[in-house]
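In what follows, a structure is listed as structure tokens, so that the remarks can point back to it.
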Amino acid sequence: MRENKEEIPGEEHIREMASKPQRHDSSNSDPGEQQALRLRRVSSPVSTNNYPLFNWSSTPAGEDEEGNSRPHRDLRSIPLPMALKRAVRQVQQMHVPVVSRMESWKRNKTKSLRKLKDNAREFHYIFTLWSKSLQKIGGNFGGGVQSYFVFLRFLVVLNFFSFLLIAGFVLIPSIVFRSVGTTLTNSSGPEKCMNYDPNPQGLVVFYNYFLNLLSGTGFMEYSYLFYGYYNNTMAGDRTFSYNIPLAYLFTVVFYFAFCLICIIARMGTAARVAVATGGSAGGNYSMMVFTGWDYGCMADQATKLKQKTIHYRLQVDLEEERIQKRAAALTSSQKIILYSIRFLMCFIAFGLIIASFYGIFVATNFSQEKSGQEGFLGLFFEYLPSIVITTGNFLVPLLCDQIALIEQYAPSTTIILALLRAVFLRLVSLGVLLFTLWRQITCEGQTNSGTCKLCQYNYEVYPCWETRVGQEMYKLTLFDFLINIAVLALVEFPRRMVVDNSSSKVAQWVTLFYNCRPALKTFRSTTSTFFFLVVLLFGWGLAILVMIYSLAEIHPSMGCGPFRFFPYMWSIVPTSFYSLSKTTQEFLFFIGSQAFSIPLFVLSCVVMCYFIALTSVYGKSVALLRAQLKLEGRDKQFLVKQIEELSRLQIPKHNAGVQD
């Protein structure tokens with residue numbers, strides 16, 4: 001310790017800085033000022049004693065000489081002058097602590113882990129999609145708009161993961177094992193049901209290739225893009241086996257399970273943020289005041305974006321508070337009128353959505369009736385359902401936005417209603433399209449009568465009905481993509497050029513510049529983030545219902561696909577199960593038996609009850625803390641008022657003393 005003391009010559013000087021009183025030159029001052037300076041000199045040692053006693057021999061690690069850890073007080077939390085803090089930091093860094101070999105190893109390990117975490121965080125930030133663009137969106141348009149684009153990035157990641165799954169477990173094995181594996185043939189079904197040859201015969205006109213590319217027929221139909229091209233291939237030997245139908249089914253099931261886990265995980269994160277803020281303006285305001293600013297913002301652009309973000313968050317709170325005050329000031333008659341208007345507008349919006357559904361139903365039936373047409377007229381009939389769906393998805397939300405202006409909801413409620421109506425329209429539009437196709441594929445559910453009696457489905461119109469459904473989805477996606485590109489290139493970009501080069505007000509009406517400016521009414525990001533995930537979960541539920549019904553109820557096509565020789569798609573699971581070893585079968589039987597399922601259910605109930613009780617306790621604690629914060633806020637307001645009153649009383653006395 002003596003050697004350490006000799007290595008630190010600056011400690012006494014630093015202590016002198018902390019306790020040395022300030023000297024003032026009072027030679028040119030009047031007697032009153034000299035008296036004030038003498039009083040300051042007398043009181044200065046007292047003020048320096050207010051500085052906390054700091055352990056100069058402490059190390060940044062917060063441990064004593066024997067290696068025992070003790071609570072470490074951060075230097076930043078100690079009320080000292082900045083120059084003194086720098087000096088203390090230098091003294092701490094000059095210390096050479098005497099520690100054991102094990103303690104030295106622990107410190108090195110802690111530093112290495114911290115460095116590894118920092119590097120991983122930087123690596124994740126570098127490879128995060130559109131991180132800088134999302135920051136700009138959040139700064140220019142608010143956190144609510146940013147949360148929507150973060151949600152879109154989440155969907156892109158999910159779709160990319162589905163591509164990896166399908167390519168790794170279905171597409172590549174199908175290409176590899178197509179010439180090596182064994183393809184089973186369906187010899188038990190009727191011969192008419194197995195007739196399926198999408199390849200065109202004879203010479204083909206050149207423009208037909210373009211039509212096939214747009215409609216998904218011809219050379220596109222018999223490709224890896226659609227269900228009908230995959231075979232029921234089973235490849236393997238004594239050490240390895242691969243079942244394409246089983247991989248096809250389990251890949252889809254695993255992807256749906258993975259999506260559910262990801263959605264629930266993100267919903268939990270969004271719910272924790274909403275609970276932390278309380279979903280109110282007061283909680284958000286406290287977070288903005290105490291934790292809103294990012295002190296890592298050094299560049300001017302990042303600082304301006306952060307300022308804009310905080311500005312929009314404050315704007316959301318003020319807007320919602322204004323609307324709440326206005327709603328509280330309404331009389332009973334005004335409330336009745338407002339609720340009546342909202343009910344009427346909701347009824348009109350629902351009527352528009354129903355009319356859109358009916359249009360999709362009629363267009364799909366008409367398109368399927370005219371499916372035999374060729375050329376560009378046939379292409380128009382094939383794209384008729386996609387045209388109606390895209391038109392409805394474009395016009396109905398615009399009309400609903402105008403209806404929302406009349407309803408006069410809060411900004412967050414308005415956004416939620418608009419999204420709910422738009423998503424409901426899109427999802428149920430797909431449901432209407434699939435329902436219309438189902439009626440024609442299954443003969444309106446009567447599979448034992450009419451043209452469906454022989455093959456259990458309408459084989460004359462739909463020899464490979466799975467591919468036909470995929471073609472409808474392909475045309476809808478392609479048409480929506482082409483419309484967005486056309487609007488961007490032919491409408492929005494020319495309008496932006498006109499706005500940038502012209503000062504005419506007519507040129508700026510309903511333009512890209514007008515539509516892409518910051519919204520006048522912003523909305524809360526925490527609410528929108530959670531609602532986006534709820535909507536996605538609703539879409540997941542509809543998709544899983546369609547998948548379960550297709551796997552368990554509809555007979556697969558007998559002339560195409562990997563399930564052509566099974567009565568139902570799910571039949572591949574029990575068939576593959578009985579081909580496993582006896583030990584594996586017994587293990588799986590045990591998992592599905594009551595001896596395993598009942599204890600698992602009881603354990604799940606116990607764990608669920610524990611977490612419910614824990615959530616209840618935390619909820620009560622949070623409610624008590626909020627009530628305490630409100631009381632403290634009221635106490636502070638009372639004290640501020642008392643200080644203002646005392647200051648008002650002392651000012652006249654002070655003025656009278658000055659006059660005397």
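FYI, nothing fancy with the structure tokens labels: chains A, B, ... in order, residues from 1 per chain, ligands from 1 as they appear.
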Pick out the residues sitting within 12 Å of A:Leu454, and hand them over as JSON, numbers by chain; count only C-alpha atoms, and ignore anything fewer than 2 positions along from it in its own chain.
{"A": [189, 190, 191, 192, 193, 194, 442, 446, 447, 448, 449, 450, 451, 452, 456, 457, 458, 459, 460, 555, 558]}
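Excluding A:Thr436 itself and any same-chain residue fewer than 5 positions from it, the protein and nucleic acid residues within 9 Å of it, counting only C-alpha atoms, are Ile360, Phe361, Val362, Thr364, Asn365, Gly431, Ile441 and Glu444 of chain A.
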Kindly save the residues from that selection, with N, CA and C atoms included, as a PDB file, in the first residue's frame.
```pdb
ATOM      1  N   ILE A 360     -66.675  -9.361 -55.081  1.00  0.00           N
ATOM      2  CA  ILE A 360     -65.653 -10.401 -55.252  1.00  0.00           C
ATOM      3  C   ILE A 360     -66.303 -11.747 -55.544  1.00  0.00           C
ATOM      4  N   PHE A 361     -67.390 -12.040 -54.866  1.00  0.00           N
ATOM      5  CA  PHE A 361     -68.092 -13.313 -55.074  1.00  0.00           C
ATOM      6  C   PHE A 361     -68.618 -13.425 -56.506  1.00  0.00           C
ATOM      7  N   VAL A 362     -69.247 -12.363 -56.995  1.00  0.00           N
ATOM      8  CA  VAL A 362     -69.796 -12.385 -58.355  1.00  0.00           C
ATOM      9  C   VAL A 362     -68.672 -12.448 -59.386  1.00  0.00           C
ATOM     10  N   THR A 364     -65.641 -13.684 -59.079  1.00  0.00           N
ATOM     11  CA  THR A 364     -64.974 -14.990 -59.075  1.00  0.00           C
ATOM     12  C   THR A 364     -65.812 -16.031 -59.787  1.00  0.00           C
ATOM     13  N   ASN A 365     -67.118 -16.032 -59.544  1.00  0.00           N
ATOM     14  CA  ASN A 365     -67.987 -16.974 -60.255  1.00  0.00           C
ATOM     15  C   ASN A 365     -67.961 -16.729 -61.760  1.00  0.00           C
ATOM     16  N   GLY A 431     -60.845 -14.628 -47.948  1.00  0.00           N
ATOM     17  CA  GLY A 431     -61.770 -15.683 -47.524  1.00  0.00           C
ATOM     18  C   GLY A 431     -62.921 -15.874 -48.494  1.00  0.00           C
ATOM     19  N   ILE A 441     -65.008 -26.282 -56.392  1.00  0.00           N
ATOM     20  CA  ILE A 441     -64.158 -27.474 -56.334  1.00  0.00           C
ATOM     21  C   ILE A 441     -64.904 -28.650 -55.729  1.00  0.00           C
ATOM     22  N   GLU A 444     -70.196 -27.342 -54.103  1.00  0.00           N
ATOM     23  CA  GLU A 444     -70.924 -26.727 -52.993  1.00  0.00           C
ATOM     24  C   GLU A 444     -71.010 -27.662 -51.785  1.00  0.00           C
TER      25      GLU A 444
END
```
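All residues of protein, DNA or RNA that reach within 9 Å of stretch 163-171 of chain A, judged by only C-alpha atoms and not counting those fewer than 4 positions away in the chain, are Leu158, Asn159, Ile175, Val176, Tyr224, Tyr230, Ile244, Pro245, Ala247, Tyr248, Thr251, Val252 and Tyr255 of chain A.
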Using all heavy atoms, can you export the residues from the last selection as an mmCIF file, in the first residue's frame?
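Output file result27.cif is given in full below:
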```cif
data_model
loop_
_atom_site.group_PDB
_atom_site.id
_atom_site.type_symbol
_atom_site.label_atom_id
_atom_site.label_comp_id
_atom_site.auth_asym_id
_atom_site.auth_seq_id
_atom_site.Cartn_x
_atom_site.Cartn_y
_atom_site.Cartn_z
ATOM 1 N N LEU A 158 -40.100 -12.829 -41.570
ATOM 2 C CA LEU A 158 -40.869 -14.076 -41.535
ATOM 3 C C LEU A 158 -40.963 -14.715 -42.918
ATOM 4 O O LEU A 158 -40.817 -15.941 -43.062
ATOM 5 C CB LEU A 158 -42.272 -13.815 -40.985
ATOM 6 C CG LEU A 158 -42.396 -13.542 -39.484
ATOM 7 C CD1 LEU A 158 -43.855 -13.347 -39.118
ATOM 8 C CD2 LEU A 158 -41.794 -14.665 -38.665
ATOM 9 N N ASN A 159 -41.188 -13.897 -43.940
ATOM 10 C CA ASN A 159 -41.267 -14.437 -45.300
ATOM 11 C C ASN A 159 -39.920 -14.987 -45.764
ATOM 12 O O ASN A 159 -39.863 -16.014 -46.453
ATOM 13 C CB ASN A 159 -41.750 -13.355 -46.264
ATOM 14 C CG ASN A 159 -43.212 -13.028 -46.069
ATOM 15 O OD1 ASN A 159 -43.995 -13.881 -45.682
ATOM 16 N ND2 ASN A 159 -43.590 -11.795 -46.319
ATOM 17 N N ILE A 175 -35.456 -31.359 -56.156
ATOM 18 C CA ILE A 175 -34.568 -31.295 -57.321
ATOM 19 C C ILE A 175 -33.526 -32.408 -57.273
ATOM 20 O O ILE A 175 -33.228 -33.049 -58.278
ATOM 21 C CB ILE A 175 -33.896 -29.910 -57.384
ATOM 22 C CG1 ILE A 175 -34.949 -28.819 -57.591
ATOM 23 C CG2 ILE A 175 -32.873 -29.860 -58.504
ATOM 24 C CD1 ILE A 175 -34.391 -27.411 -57.510
ATOM 25 N N VAL A 176 -32.977 -32.655 -56.085
ATOM 26 C CA VAL A 176 -31.915 -33.658 -55.955
ATOM 27 C C VAL A 176 -32.453 -35.066 -56.131
ATOM 28 O O VAL A 176 -31.867 -35.899 -56.839
ATOM 29 C CB VAL A 176 -31.213 -33.493 -54.592
ATOM 30 C CG1 VAL A 176 -30.220 -34.634 -54.366
ATOM 31 C CG2 VAL A 176 -30.505 -32.148 -54.515
ATOM 32 N N TYR A 224 -41.721 -25.600 -60.304
ATOM 33 C CA TYR A 224 -41.612 -25.709 -58.849
ATOM 34 C C TYR A 224 -42.376 -24.614 -58.122
ATOM 35 O O TYR A 224 -42.457 -24.635 -56.894
ATOM 36 C CB TYR A 224 -40.138 -25.655 -58.442
ATOM 37 C CG TYR A 224 -39.382 -26.918 -58.739
ATOM 38 C CD1 TYR A 224 -38.508 -26.990 -59.817
ATOM 39 C CD2 TYR A 224 -39.541 -28.056 -57.947
ATOM 40 C CE1 TYR A 224 -37.806 -28.153 -60.092
ATOM 41 C CE2 TYR A 224 -38.848 -29.221 -58.217
ATOM 42 C CZ TYR A 224 -37.980 -29.264 -59.295
ATOM 43 O OH TYR A 224 -37.298 -30.419 -59.558
ATOM 44 N N TYR A 230 -44.676 -31.117 -57.817
ATOM 45 C CA TYR A 230 -43.969 -31.950 -56.844
ATOM 46 C C TYR A 230 -44.515 -33.378 -56.881
ATOM 47 O O TYR A 230 -45.731 -33.594 -56.957
ATOM 48 C CB TYR A 230 -44.109 -31.368 -55.438
ATOM 49 C CG TYR A 230 -43.424 -30.038 -55.280
ATOM 50 C CD1 TYR A 230 -44.113 -28.848 -55.522
ATOM 51 C CD2 TYR A 230 -42.095 -29.958 -54.899
ATOM 52 C CE1 TYR A 230 -43.487 -27.622 -55.381
ATOM 53 C CE2 TYR A 230 -41.453 -28.735 -54.763
ATOM 54 C CZ TYR A 230 -42.162 -27.575 -55.008
ATOM 55 O OH TYR A 230 -41.524 -26.372 -54.885
ATOM 56 N N ILE A 244 -40.588 -36.837 -49.343
ATOM 57 C CA ILE A 244 -40.982 -35.506 -49.832
ATOM 58 C C ILE A 244 -42.380 -35.116 -49.355
ATOM 59 O O ILE A 244 -42.576 -33.976 -48.886
ATOM 60 C CB ILE A 244 -40.875 -35.446 -51.364
ATOM 61 C CG1 ILE A 244 -39.422 -35.602 -51.805
ATOM 62 C CG2 ILE A 244 -41.435 -34.130 -51.893
ATOM 63 C CD1 ILE A 244 -38.517 -34.492 -51.368
ATOM 64 N N PRO A 245 -43.400 -35.977 -49.427
ATOM 65 C CA PRO A 245 -44.724 -35.563 -48.922
ATOM 66 C C PRO A 245 -44.705 -35.191 -47.447
ATOM 67 O O PRO A 245 -45.323 -34.207 -47.038
ATOM 68 C CB PRO A 245 -45.599 -36.792 -49.192
ATOM 69 C CG PRO A 245 -44.927 -37.506 -50.303
ATOM 70 C CD PRO A 245 -43.475 -37.292 -50.091
ATOM 71 N N ALA A 247 -42.095 -34.160 -45.687
ATOM 72 C CA ALA A 247 -41.359 -32.906 -45.543
ATOM 73 C C ALA A 247 -42.210 -31.722 -45.996
ATOM 74 O O ALA A 247 -42.156 -30.636 -45.388
ATOM 75 C CB ALA A 247 -40.062 -32.975 -46.353
ATOM 76 N N TYR A 248 -43.002 -31.906 -47.043
ATOM 77 C CA TYR A 248 -43.873 -30.842 -47.544
ATOM 78 C C TYR A 248 -44.880 -30.433 -46.467
ATOM 79 O O TYR A 248 -45.114 -29.238 -46.223
ATOM 80 C CB TYR A 248 -44.600 -31.348 -48.793
ATOM 81 C CG TYR A 248 -45.255 -30.280 -49.626
ATOM 82 C CD1 TYR A 248 -44.655 -29.793 -50.775
ATOM 83 C CD2 TYR A 248 -46.498 -29.759 -49.271
ATOM 84 C CE1 TYR A 248 -45.260 -28.815 -51.549
ATOM 85 C CE2 TYR A 248 -47.109 -28.779 -50.028
ATOM 86 C CZ TYR A 248 -46.489 -28.310 -51.170
ATOM 87 O OH TYR A 248 -47.092 -27.338 -51.922
ATOM 88 N N THR A 251 -43.038 -29.012 -43.070
ATOM 89 C CA THR A 251 -42.452 -27.686 -43.263
ATOM 90 C C THR A 251 -43.496 -26.600 -43.069
ATOM 91 O O THR A 251 -43.248 -25.583 -42.401
ATOM 92 C CB THR A 251 -41.831 -27.585 -44.661
ATOM 93 O OG1 THR A 251 -40.800 -28.564 -44.799
ATOM 94 C CG2 THR A 251 -41.242 -26.212 -44.899
ATOM 95 N N VAL A 252 -44.667 -26.826 -43.623
ATOM 96 C CA VAL A 252 -45.754 -25.845 -43.463
ATOM 97 C C VAL A 252 -46.202 -25.760 -42.007
ATOM 98 O O VAL A 252 -46.401 -24.660 -41.460
ATOM 99 C CB VAL A 252 -46.934 -26.218 -44.379
ATOM 100 C CG1 VAL A 252 -48.098 -25.258 -44.170
ATOM 101 C CG2 VAL A 252 -46.502 -26.223 -45.838
ATOM 102 N N TYR A 255 -43.591 -23.957 -39.940
ATOM 103 C CA TYR A 255 -43.565 -22.516 -40.223
ATOM 104 C C TYR A 255 -44.708 -21.802 -39.507
ATOM 105 O O TYR A 255 -44.518 -20.713 -38.946
ATOM 106 C CB TYR A 255 -43.653 -22.281 -41.722
ATOM 107 C CG TYR A 255 -43.767 -20.822 -42.088
ATOM 108 C CD1 TYR A 255 -42.707 -19.951 -41.870
ATOM 109 C CD2 TYR A 255 -44.939 -20.306 -42.642
ATOM 110 C CE1 TYR A 255 -42.804 -18.608 -42.191
ATOM 111 C CE2 TYR A 255 -45.046 -18.963 -42.965
ATOM 112 C CZ TYR A 255 -43.973 -18.125 -42.730
ATOM 113 O OH TYR A 255 -44.083 -16.799 -43.044
#
```
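Our summary of the geometry notes that atom CA of A:Thr269 is positioned 24.9 Å from atom CA of A:Cys297.
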Report, in Å with one decimal, the straight-line distance from atom CA of A:Ser147 to atom CA of A:Val388.
29.8 Å
For A:Leu129, work out the shell of residues within 10 Å, counting only C-alpha atoms and skipping chain neighbours fewer than 6 positions away, then give it as JSON, numbers by chain.
{"A": [150, 153, 154, 156, 157]}
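Contact shell of A:Phe256 at 8 Å (only C-alpha atoms; same-chain neighbours under 4 positions omitted): Val252, Leu260, Trp540 and Ile544 of chain A.
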Suppose we keep N, CA and C atoms; can you now write the selection as a CSV table (one decimal), in the first residue's frame?
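Heads up, here's the output in selection-v7.csv:
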```csv
chain,number,residue,atom,x,y,z
A,252,VAL,N,-44.7,-26.8,-43.6
A,252,VAL,CA,-45.8,-25.8,-43.5
A,252,VAL,C,-46.2,-25.8,-42.0
A,260,LEU,N,-46.3,-18.3,-34.9
A,260,LEU,CA,-47.1,-18.1,-33.7
A,260,LEU,C,-46.2,-17.7,-32.6
A,540,TRP,N,-53.2,-15.0,-38.9
A,540,TRP,CA,-52.7,-16.3,-38.7
A,540,TRP,C,-53.8,-17.3,-38.3
A,544,ILE,N,-54.6,-20.7,-40.5
A,544,ILE,CA,-54.5,-22.0,-39.9
A,544,ILE,C,-55.8,-22.8,-40.0
```
Polymer residues at most 9 Å from stretch 238-242 of chain A, only C-alpha atoms, same-chain spacing of 5 or more positions, as a PyMOL selection string:
chain A and resi 173+177+181+233+247
Keeping C-alpha atoms, export the residues of the selection given above as a PDB file, in the first residue's frame.
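See part09.pdb below for the written result:
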```pdb
ATOM      1  CA  PRO A 173     -34.555 -32.190 -51.983  1.00  0.00           C
ATOM      2  CA  PHE A 177     -34.109 -36.726 -55.482  1.00  0.00           C
ATOM      3  CA  GLY A 181     -35.748 -41.418 -55.590  1.00  0.00           C
ATOM      4  CA  THR A 233     -40.851 -39.088 -54.064  1.00  0.00           C
ATOM      5  CA  ALA A 247     -41.359 -32.906 -45.543  1.00  0.00           C
TER       6      ALA A 247
END
```
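The space separating atom CA of A:Glu319 from atom CA of A:Gly633 comes to 22.2 Å.
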Mind the document's chain letters and residue numbers, and return as a PyMOL selection string the residues of stretch 459-637 of chain A that DSSP labels helix (DSSP H, G or I).
chain A and resi 465-501+512-515+525-552+569-577+582-592+594-637
Please return as number ranges by chain: the residues of stretch 161-361 of chain A that backbone DSSP assigns to strand (DSSP E or B).
A: 182-183, 233-236, 241-243
Given the selection you just returned, output its residues as a file containing N, CA and C atoms, formatted as a PDB file, in the first residue's frame.
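Writing the result to out_15.pdb gives the following:
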```
ATOM      1  N   THR A 182     -37.643 -42.866 -55.548  1.00  0.00           N
ATOM      2  CA  THR A 182     -38.712 -43.707 -56.078  1.00  0.00           C
ATOM      3  C   THR A 182     -40.020 -42.941 -56.028  1.00  0.00           C
ATOM      4  N   THR A 183     -40.705 -42.874 -57.177  1.00  0.00           N
ATOM      5  CA  THR A 183     -41.986 -42.183 -57.271  1.00  0.00           C
ATOM      6  C   THR A 183     -43.102 -43.207 -57.273  1.00  0.00           C
ATOM      7  N   THR A 233     -42.142 -38.416 -53.993  1.00  0.00           N
ATOM      8  CA  THR A 233     -40.851 -39.088 -54.064  1.00  0.00           C
ATOM      9  C   THR A 233     -40.408 -39.511 -52.677  1.00  0.00           C
ATOM     10  N   MET A 234     -39.882 -40.719 -52.593  1.00  0.00           N
ATOM     11  CA  MET A 234     -39.316 -41.251 -51.359  1.00  0.00           C
ATOM     12  C   MET A 234     -37.939 -41.806 -51.692  1.00  0.00           C
ATOM     13  N   ALA A 235     -36.891 -41.166 -51.184  1.00  0.00           N
ATOM     14  CA  ALA A 235     -35.523 -41.565 -51.476  1.00  0.00           C
ATOM     15  C   ALA A 235     -34.859 -42.041 -50.199  1.00  0.00           C
ATOM     16  N   GLY A 236     -33.959 -43.027 -50.321  1.00  0.00           N
ATOM     17  CA  GLY A 236     -33.238 -43.492 -49.150  1.00  0.00           C
ATOM     18  C   GLY A 236     -32.653 -44.872 -49.340  1.00  0.00           C
ATOM     19  N   SER A 241     -33.128 -41.902 -45.313  1.00  0.00           N
ATOM     20  CA  SER A 241     -34.391 -41.889 -46.059  1.00  0.00           C
ATOM     21  C   SER A 241     -34.980 -40.492 -45.980  1.00  0.00           C
ATOM     22  N   TYR A 242     -35.634 -40.100 -47.055  1.00  0.00           N
ATOM     23  CA  TYR A 242     -36.249 -38.769 -47.126  1.00  0.00           C
ATOM     24  C   TYR A 242     -37.583 -38.897 -47.831  1.00  0.00           C
ATOM     25  N   ASN A 243     -38.629 -38.400 -47.161  1.00  0.00           N
ATOM     26  CA  ASN A 243     -39.996 -38.500 -47.652  1.00  0.00           C
ATOM     27  C   ASN A 243     -40.459 -37.103 -48.047  1.00  0.00           C
TER      28      ASN A 243
END
```
Rank A:Tyr618, A:Phe596, A:Trp570, A:Phe531 by their smallest atom-to-atom distance to A:Met547, using only C-alpha atoms, and report the top residue only.
A:Trp570
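Of the listed residues A:Lys304, A:Arg107, A:Arg101, A:Arg421, the one whose atoms come nearest to A:Ile354 is A:Arg421, with distances taken using only C-alpha atoms.
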